[in-house]
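This is start14.cif (mmCIF, N, CA and C atoms).
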```cif
data_query
loop_
_atom_site.label_atom_id
_atom_site.label_comp_id
_atom_site.auth_asym_id
_atom_site.auth_seq_id
_atom_site.Cartn_x
_atom_site.Cartn_y
_atom_site.Cartn_z
N MET A 1 0.81 -1.19 0.00
CA MET A 1 0.00 0.00 0.00
C MET A 1 0.86 1.26 0.00
N GLY A 2 2.09 1.17 0.50
CA GLY A 2 2.95 2.34 0.58
C GLY A 2 3.28 2.93 -0.78
N LEU A 3 3.66 2.09 -1.74
CA LEU A 3 3.98 2.59 -3.07
C LEU A 3 2.73 3.12 -3.77
N CYS A 4 1.62 2.47 -3.53
CA CYS A 4 0.36 2.91 -4.12
C CYS A 4 -0.01 4.31 -3.61
N LEU A 5 0.07 4.51 -2.31
CA LEU A 5 -0.24 5.82 -1.74
C LEU A 5 0.74 6.89 -2.21
N CYS A 6 2.00 6.54 -2.31
CA CYS A 6 3.00 7.51 -2.77
C CYS A 6 2.69 7.94 -4.20
N THR A 7 2.37 6.98 -5.04
CA THR A 7 2.11 7.27 -6.44
C THR A 7 0.88 8.15 -6.62
N PHE A 8 -0.18 7.86 -5.89
CA PHE A 8 -1.42 8.59 -6.11
C PHE A 8 -1.52 9.88 -5.28
N SER A 9 -0.73 10.01 -4.22
CA SER A 9 -0.79 11.24 -3.43
C SER A 9 0.15 12.32 -3.98
N THR A 10 1.17 11.94 -4.74
CA THR A 10 2.11 12.92 -5.26
C THR A 10 1.43 13.97 -6.16
N PRO A 11 0.64 13.56 -7.16
CA PRO A 11 -0.01 14.60 -7.99
C PRO A 11 -1.00 15.45 -7.21
N CYS A 12 -1.71 14.85 -6.27
CA CYS A 12 -2.66 15.63 -5.46
C CYS A 12 -1.93 16.68 -4.64
N CYS A 13 -0.80 16.31 -4.09
CA CYS A 13 -0.03 17.26 -3.27
C CYS A 13 0.69 18.28 -4.14
N ALA A 14 0.96 17.94 -5.40
CA ALA A 14 1.54 18.93 -6.31
C ALA A 14 0.55 20.05 -6.55
N VAL A 15 -0.73 19.73 -6.57
CA VAL A 15 -1.76 20.75 -6.73
C VAL A 15 -1.79 21.65 -5.50
N VAL A 16 -1.49 21.12 -4.34
CA VAL A 16 -1.42 21.93 -3.11
C VAL A 16 -0.16 22.79 -3.09
N GLY A 17 0.93 22.27 -3.64
CA GLY A 17 2.19 23.01 -3.64
C GLY A 17 2.15 24.28 -4.46
N ALA A 18 1.34 24.30 -5.51
CA ALA A 18 1.27 25.49 -6.36
C ALA A 18 0.74 26.71 -5.61
N PRO A 19 -0.44 26.64 -5.01
CA PRO A 19 -0.88 27.83 -4.28
C PRO A 19 -0.04 28.13 -3.05
N LEU A 20 0.53 27.09 -2.44
CA LEU A 20 1.37 27.30 -1.26
C LEU A 20 2.57 28.18 -1.60
N SER A 21 3.20 27.91 -2.74
CA SER A 21 4.37 28.70 -3.13
C SER A 21 3.99 30.12 -3.53
N CYS A 22 2.74 30.32 -3.92
CA CYS A 22 2.28 31.68 -4.28
C CYS A 22 1.80 32.45 -3.06
N ILE A 23 1.23 31.76 -2.08
CA ILE A 23 0.68 32.42 -0.90
C ILE A 23 1.77 32.75 0.13
N ALA A 24 2.74 31.87 0.30
CA ALA A 24 3.77 32.06 1.32
C ALA A 24 4.50 33.40 1.20
N PRO A 25 4.88 33.87 0.00
CA PRO A 25 5.56 35.17 -0.07
C PRO A 25 4.66 36.35 0.30
N LYS A 26 3.36 36.18 0.28
CA LYS A 26 2.43 37.25 0.63
C LYS A 26 2.28 37.42 2.14
N ILE A 27 2.65 36.41 2.89
CA ILE A 27 2.55 36.46 4.35
C ILE A 27 3.79 37.15 4.88
N SER A 28 3.60 38.25 5.59
CA SER A 28 4.75 39.07 5.99
C SER A 28 5.72 38.33 6.91
N HIS A 29 5.25 37.30 7.60
CA HIS A 29 6.13 36.53 8.49
C HIS A 29 7.19 35.77 7.69
N PHE A 30 6.91 35.43 6.43
CA PHE A 30 7.83 34.63 5.63
C PHE A 30 8.76 35.45 4.74
N VAL A 31 8.65 36.77 4.78
CA VAL A 31 9.54 37.63 4.01
C VAL A 31 10.16 38.66 4.94
N GLU A 32 11.35 39.16 4.57
CA GLU A 32 12.06 40.08 5.45
C GLU A 32 11.47 41.49 5.40
N GLU A 33 11.22 42.02 4.22
CA GLU A 33 10.64 43.35 4.09
C GLU A 33 9.14 43.19 3.90
N ASP A 34 8.38 44.00 4.60
CA ASP A 34 6.92 43.89 4.51
C ASP A 34 6.43 44.07 3.08
N GLY A 35 5.81 43.03 2.56
CA GLY A 35 5.19 43.11 1.24
C GLY A 35 6.13 42.98 0.07
N HIS A 36 7.43 42.81 0.31
CA HIS A 36 8.39 42.70 -0.79
C HIS A 36 9.07 41.34 -0.75
N PHE A 37 8.99 40.62 -1.82
CA PHE A 37 9.64 39.32 -1.96
C PHE A 37 11.00 39.55 -2.59
N THR A 38 12.04 39.58 -1.76
CA THR A 38 13.39 39.90 -2.24
C THR A 38 14.10 38.66 -2.75
N LEU A 39 15.27 38.88 -3.34
CA LEU A 39 16.08 37.77 -3.84
C LEU A 39 16.50 36.85 -2.69
N LYS A 40 16.80 37.45 -1.54
CA LYS A 40 17.18 36.65 -0.36
C LYS A 40 16.01 35.76 0.08
N ASP A 41 14.79 36.32 0.05
CA ASP A 41 13.60 35.53 0.37
C ASP A 41 13.41 34.40 -0.62
N LYS A 42 13.63 34.70 -1.89
CA LYS A 42 13.48 33.69 -2.94
C LYS A 42 14.44 32.53 -2.70
N LYS A 43 15.67 32.85 -2.34
CA LYS A 43 16.66 31.80 -2.08
C LYS A 43 16.27 30.94 -0.88
N LYS A 44 15.76 31.58 0.18
CA LYS A 44 15.34 30.83 1.37
C LYS A 44 14.15 29.92 1.06
N HIS A 45 13.18 30.44 0.35
CA HIS A 45 12.01 29.63 0.01
C HIS A 45 12.40 28.47 -0.92
N ALA A 46 13.22 28.76 -1.92
CA ALA A 46 13.66 27.71 -2.85
C ALA A 46 14.45 26.63 -2.12
N ALA A 47 15.31 27.04 -1.19
CA ALA A 47 16.09 26.06 -0.42
C ALA A 47 15.18 25.18 0.43
N PHE A 48 14.16 25.77 1.05
CA PHE A 48 13.24 25.00 1.87
C PHE A 48 12.48 23.97 1.03
N TYR A 49 11.95 24.41 -0.12
CA TYR A 49 11.18 23.49 -0.96
C TYR A 49 12.08 22.42 -1.60
N ALA A 50 13.33 22.78 -1.94
CA ALA A 50 14.27 21.79 -2.46
C ALA A 50 14.60 20.75 -1.39
N LEU A 51 14.77 21.20 -0.16
CA LEU A 51 15.03 20.27 0.94
C LEU A 51 13.84 19.34 1.15
N LEU A 52 12.64 19.89 1.08
CA LEU A 52 11.43 19.07 1.21
C LEU A 52 11.37 18.00 0.12
N LEU A 53 11.70 18.39 -1.11
CA LEU A 53 11.72 17.44 -2.23
C LEU A 53 12.78 16.36 -2.02
N LEU A 54 13.97 16.75 -1.61
CA LEU A 54 15.05 15.78 -1.41
C LEU A 54 14.75 14.82 -0.25
N VAL A 55 14.14 15.33 0.81
CA VAL A 55 13.75 14.46 1.92
C VAL A 55 12.72 13.45 1.44
N GLY A 56 11.78 13.91 0.63
CA GLY A 56 10.77 13.00 0.10
C GLY A 56 11.36 11.93 -0.81
N LEU A 57 12.28 12.34 -1.68
CA LEU A 57 12.87 11.39 -2.63
C LEU A 57 13.85 10.43 -1.98
N PHE A 58 14.84 11.00 -1.29
CA PHE A 58 15.93 10.16 -0.78
C PHE A 58 15.72 9.69 0.66
N GLY A 59 14.94 10.42 1.43
CA GLY A 59 14.72 10.04 2.82
C GLY A 59 13.50 9.15 3.02
N MET A 60 12.56 9.19 2.05
CA MET A 60 11.34 8.40 2.22
C MET A 60 11.08 7.44 1.05
N TYR A 61 11.09 7.96 -0.19
CA TYR A 61 10.74 7.09 -1.32
C TYR A 61 11.78 6.00 -1.54
N LEU A 62 13.05 6.37 -1.55
CA LEU A 62 14.10 5.37 -1.78
C LEU A 62 14.09 4.27 -0.71
N PRO A 63 14.04 4.60 0.58
CA PRO A 63 13.91 3.53 1.58
C PRO A 63 12.63 2.71 1.41
N LEU A 64 11.55 3.36 0.99
CA LEU A 64 10.30 2.65 0.75
C LEU A 64 10.47 1.58 -0.32
N THR A 65 11.20 1.88 -1.38
CA THR A 65 11.41 0.89 -2.43
C THR A 65 12.24 -0.30 -1.91
N PHE A 66 13.22 -0.03 -1.06
CA PHE A 66 14.01 -1.12 -0.47
C PHE A 66 13.16 -1.98 0.46
N LEU A 67 12.35 -1.33 1.29
CA LEU A 67 11.48 -2.07 2.21
C LEU A 67 10.47 -2.93 1.47
N CYS A 68 9.90 -2.38 0.41
CA CYS A 68 8.91 -3.13 -0.36
C CYS A 68 9.55 -4.29 -1.12
N ALA A 69 10.76 -4.11 -1.63
CA ALA A 69 11.45 -5.20 -2.31
C ALA A 69 11.76 -6.33 -1.32
N ARG A 70 12.19 -5.95 -0.11
CA ARG A 70 12.48 -6.96 0.91
C ARG A 70 11.20 -7.69 1.33
N LEU A 71 10.11 -6.95 1.44
CA LEU A 71 8.83 -7.54 1.84
C LEU A 71 8.34 -8.57 0.82
N ASP A 72 8.56 -8.29 -0.47
CA ASP A 72 8.11 -9.19 -1.54
C ASP A 72 9.16 -10.21 -1.94
N ASP A 73 10.30 -10.25 -1.24
CA ASP A 73 11.41 -11.15 -1.57
C ASP A 73 11.82 -11.02 -3.03
N ARG A 74 12.05 -9.79 -3.45
CA ARG A 74 12.48 -9.50 -4.83
C ARG A 74 13.79 -8.74 -4.80
N ASP A 75 14.42 -8.69 -5.97
CA ASP A 75 15.58 -7.81 -6.11
C ASP A 75 15.07 -6.37 -6.15
N TRP A 76 15.90 -5.46 -5.69
CA TRP A 76 15.48 -4.07 -5.63
C TRP A 76 15.37 -3.46 -7.03
N THR A 77 14.30 -2.74 -7.26
CA THR A 77 14.14 -1.90 -8.45
C THR A 77 13.58 -0.56 -7.97
N LEU A 78 13.86 0.47 -8.72
CA LEU A 78 13.41 1.80 -8.32
C LEU A 78 11.89 1.89 -8.33
N PHE A 79 11.27 1.21 -9.28
CA PHE A 79 9.81 1.27 -9.35
C PHE A 79 9.28 0.00 -9.99
N TYR A 80 8.41 -0.67 -9.28
CA TYR A 80 7.66 -1.76 -9.89
C TYR A 80 6.22 -1.70 -9.40
N GLY A 81 5.32 -2.11 -10.22
CA GLY A 81 3.91 -1.88 -9.95
C GLY A 81 3.14 -3.09 -9.48
N GLN A 82 3.75 -3.92 -8.70
CA GLN A 82 3.02 -5.08 -8.18
C GLN A 82 3.60 -5.47 -6.83
N GLY A 83 2.92 -6.35 -6.16
CA GLY A 83 3.40 -6.83 -4.87
C GLY A 83 2.56 -6.31 -3.72
N GLU A 84 2.99 -6.64 -2.53
CA GLU A 84 2.25 -6.30 -1.31
C GLU A 84 2.16 -4.78 -1.09
N CYS A 85 3.17 -4.04 -1.51
CA CYS A 85 3.14 -2.58 -1.33
C CYS A 85 2.20 -1.89 -2.30
N TRP A 86 1.67 -2.63 -3.26
CA TRP A 86 0.66 -2.08 -4.18
C TRP A 86 -0.73 -2.55 -3.82
N SER A 87 -0.82 -3.49 -2.92
CA SER A 87 -2.11 -4.05 -2.54
C SER A 87 -2.92 -3.05 -1.73
N THR A 88 -4.22 -2.97 -2.02
CA THR A 88 -5.09 -2.07 -1.26
C THR A 88 -5.82 -2.82 -0.16
N GLY A 89 -5.49 -4.06 0.02
CA GLY A 89 -6.11 -4.84 1.08
C GLY A 89 -5.03 -5.54 1.90
N GLY A 90 -5.43 -6.34 2.80
CA GLY A 90 -4.46 -7.10 3.61
C GLY A 90 -3.80 -6.22 4.66
N SER A 91 -2.51 -6.41 4.83
CA SER A 91 -1.79 -5.72 5.91
C SER A 91 -1.47 -4.26 5.59
N MET A 92 -1.53 -3.88 4.33
CA MET A 92 -1.23 -2.50 3.87
C MET A 92 0.09 -1.98 4.44
N PRO A 93 1.22 -2.59 4.07
CA PRO A 93 2.50 -2.20 4.65
C PRO A 93 2.98 -0.83 4.18
N TYR A 94 3.62 -0.12 5.10
CA TYR A 94 4.31 1.14 4.84
C TYR A 94 3.39 2.22 4.28
N GLN A 95 2.13 2.20 4.67
CA GLN A 95 1.19 3.17 4.11
C GLN A 95 1.54 4.61 4.53
N TRP A 96 1.98 4.81 5.78
CA TRP A 96 2.30 6.16 6.24
C TRP A 96 3.59 6.67 5.60
N LEU A 97 4.55 5.81 5.41
CA LEU A 97 5.78 6.22 4.74
C LEU A 97 5.49 6.62 3.30
N GLY A 98 4.64 5.86 2.63
CA GLY A 98 4.27 6.19 1.25
C GLY A 98 3.51 7.50 1.16
N LEU A 99 2.59 7.71 2.08
CA LEU A 99 1.80 8.94 2.08
C LEU A 99 2.69 10.15 2.35
N LEU A 100 3.57 10.06 3.33
CA LEU A 100 4.48 11.17 3.64
C LEU A 100 5.45 11.45 2.48
N ALA A 101 5.91 10.39 1.83
CA ALA A 101 6.80 10.57 0.67
C ALA A 101 6.06 11.31 -0.45
N GLY A 102 4.83 10.92 -0.71
CA GLY A 102 4.04 11.58 -1.74
C GLY A 102 3.79 13.04 -1.43
N ILE A 103 3.51 13.35 -0.17
CA ILE A 103 3.27 14.73 0.23
C ILE A 103 4.54 15.57 0.04
N CYS A 104 5.67 15.06 0.52
CA CYS A 104 6.93 15.82 0.41
C CYS A 104 7.36 16.00 -1.04
N ILE A 105 7.25 14.96 -1.84
CA ILE A 105 7.64 15.05 -3.24
C ILE A 105 6.71 15.99 -4.01
N GLY A 106 5.42 15.83 -3.81
CA GLY A 106 4.46 16.65 -4.55
C GLY A 106 4.56 18.12 -4.23
N ILE A 107 4.52 18.45 -2.95
CA ILE A 107 4.59 19.85 -2.56
C ILE A 107 5.97 20.43 -2.85
N GLY A 108 7.02 19.68 -2.52
CA GLY A 108 8.38 20.18 -2.72
C GLY A 108 8.71 20.46 -4.17
N PHE A 109 8.33 19.57 -5.07
CA PHE A 109 8.65 19.73 -6.49
C PHE A 109 7.93 20.94 -7.10
N THR A 110 6.62 21.00 -6.91
CA THR A 110 5.85 22.08 -7.52
C THR A 110 6.21 23.44 -6.91
N ALA A 111 6.29 23.50 -5.60
CA ALA A 111 6.59 24.77 -4.94
C ALA A 111 8.01 25.24 -5.29
N PHE A 112 8.95 24.32 -5.43
CA PHE A 112 10.32 24.69 -5.80
C PHE A 112 10.35 25.31 -7.19
N LEU A 113 9.69 24.67 -8.15
CA LEU A 113 9.69 25.21 -9.51
C LEU A 113 9.00 26.57 -9.59
N LEU A 114 7.88 26.71 -8.91
CA LEU A 114 7.17 27.98 -8.96
C LEU A 114 7.91 29.09 -8.21
N THR A 115 8.62 28.73 -7.16
CA THR A 115 9.41 29.73 -6.44
C THR A 115 10.56 30.23 -7.32
N LEU A 116 11.17 29.34 -8.08
CA LEU A 116 12.24 29.76 -8.98
C LEU A 116 11.73 30.70 -10.06
N SER A 117 10.49 30.53 -10.47
CA SER A 117 9.95 31.37 -11.55
C SER A 117 9.35 32.68 -11.03
N LYS A 118 9.21 32.83 -9.73
CA LYS A 118 8.58 34.01 -9.15
C LYS A 118 9.52 35.21 -9.24
N ARG A 119 8.94 36.35 -9.59
CA ARG A 119 9.72 37.59 -9.66
C ARG A 119 9.93 38.16 -8.27
N THR A 120 11.08 38.78 -8.08
CA THR A 120 11.39 39.42 -6.80
C THR A 120 11.26 40.93 -6.95
N SER A 121 11.33 41.63 -5.83
CA SER A 121 11.26 43.10 -5.90
C SER A 121 12.46 43.67 -6.64
N GLU A 122 13.61 42.98 -6.60
CA GLU A 122 14.77 43.43 -7.36
C GLU A 122 14.52 43.31 -8.86
N ASP A 123 13.81 42.26 -9.28
CA ASP A 123 13.46 42.11 -10.69
C ASP A 123 12.58 43.26 -11.15
N ASP A 124 11.65 43.67 -10.30
CA ASP A 124 10.75 44.76 -10.64
C ASP A 124 11.52 46.08 -10.80
N VAL A 125 12.52 46.30 -9.97
CA VAL A 125 13.34 47.51 -10.06
C VAL A 125 14.12 47.53 -11.36
N VAL A 126 14.69 46.39 -11.75
CA VAL A 126 15.46 46.30 -12.99
C VAL A 126 14.55 46.57 -14.19
N VAL A 127 13.35 46.02 -14.19
CA VAL A 127 12.40 46.24 -15.29
C VAL A 127 12.02 47.71 -15.36
N ALA A 128 11.77 48.33 -14.21
CA ALA A 128 11.41 49.75 -14.17
C ALA A 128 12.55 50.62 -14.69
N GLU A 129 13.79 50.29 -14.35
CA GLU A 129 14.94 51.05 -14.83
C GLU A 129 15.09 50.93 -16.34
N LYS A 130 14.85 49.74 -16.88
CA LYS A 130 14.92 49.54 -18.31
C LYS A 130 13.84 50.33 -19.03
N GLU A 131 12.65 50.39 -18.45
CA GLU A 131 11.57 51.15 -19.05
C GLU A 131 11.87 52.65 -19.05
N VAL A 132 12.47 53.15 -17.97
CA VAL A 132 12.84 54.55 -17.89
C VAL A 132 13.94 54.85 -18.91
N ALA A 133 14.89 53.93 -19.09
CA ALA A 133 15.98 54.14 -20.03
C ALA A 133 15.46 54.17 -21.46
N LEU A 134 14.41 53.44 -21.75
CA LEU A 134 13.85 53.42 -23.10
C LEU A 134 13.09 54.71 -23.42
N VAL A 135 12.57 55.38 -22.42
CA VAL A 135 11.77 56.59 -22.63
C VAL A 135 12.67 57.74 -22.82
#
```

Could I get this structure in the form of structure tokens?
Amino acid sequence: MGLCLCTFSTPCCAVVGAPLSCIAPKISHFVEEDGHFTLKDKKKHAAFYALLLLVGLFGMYLPLTFLCARLDDRDWTLFYGQGECWSTGGSMPYQWLGLLAGICIGIGFTAFLLTLSKRTSEDDVVVAEKEVALV
């Protein structure tokens, strides 16, 4: 059940990561200057979301694949779609690890990408200076 939950919760959590990465810079507690998302803020947010993604991938998903391979008495593979970890009935092994991995991967990946694409207040100043120079 762990791999099943990880697979199906990742896209759902990616949908949550998108608004999260857009809302967090608007909250004054998460930025240094009130109402301004600076380059320093962008780096902090990107680092947090990248860490969340890496924890999900290497700290949860990778061990989950090893545990599931051991449970099914198989050789390890990064992804296979059968076995006890895909079963929706029975003992449902590693369901919480799979769910947490899906949450971390989904939110971390989407929020990281959107944070990298977000404009900072420094970007706005550069654009304004270019517009003034053109006039």

As a check of understanding, name the residues that the PyMOL selection byres (((chain A and resi 8-15 and name CA) around 9) and name CA) selects in the supplied structure, as a list of chain:residue names.
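Those residues are A:Leu3, A:Cys4, A:Leu5, A:Cys6, A:Thr7, A:Val16, A:Gly17, A:Ala18, A:Pro19, A:Gly98, A:Leu99, A:Leu100, A:Ala101, A:Gly102, A:Ile103, A:Cys104, A:Ile105, A:Gly106, A:Ile107, A:Gly108, A:Phe109, A:Thr110, A:Ala111.
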
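Here CA of Ala50 in chain A stands at a distance of 20.3 Å from atom C of His36 in chain A.
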
So how far away is CA of Ile23 in chain A from atom C of Phe48 in chain A, in Å?
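Going from atom C of Phe48 in chain A over to CA of Ile23 in chain A covers 14.6 Å.
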
State, in Å with one decimal place, the distance from CA of Trp76 in chain A to CA of Val55 in chain A.
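Rounded to one decimal, the two atoms are 20.1 Å apart.
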
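Non-sequential neighbours of Cys85 in chain A (distance at most 7 Å, separation of 4 or more positions within a chain, all atoms listed in the file) are Met1, Gly2, Leu3, Cys4, Leu5, Cys68, Asp72, Met92, Pro93 and Tyr94 of chain A.
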
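Proximity of A:Thr38, A:Tyr80, A:Lys43, A:Arg70 to Arg119 in chain A, computed with only C-alpha atoms, is greatest for A:Thr38.
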
Residues flagged alpha helix (DSSP H) by DSSP in chain A, as a PyMOL selection string
chain A and resi 2-23+39-54+62-71+95-117+121-134
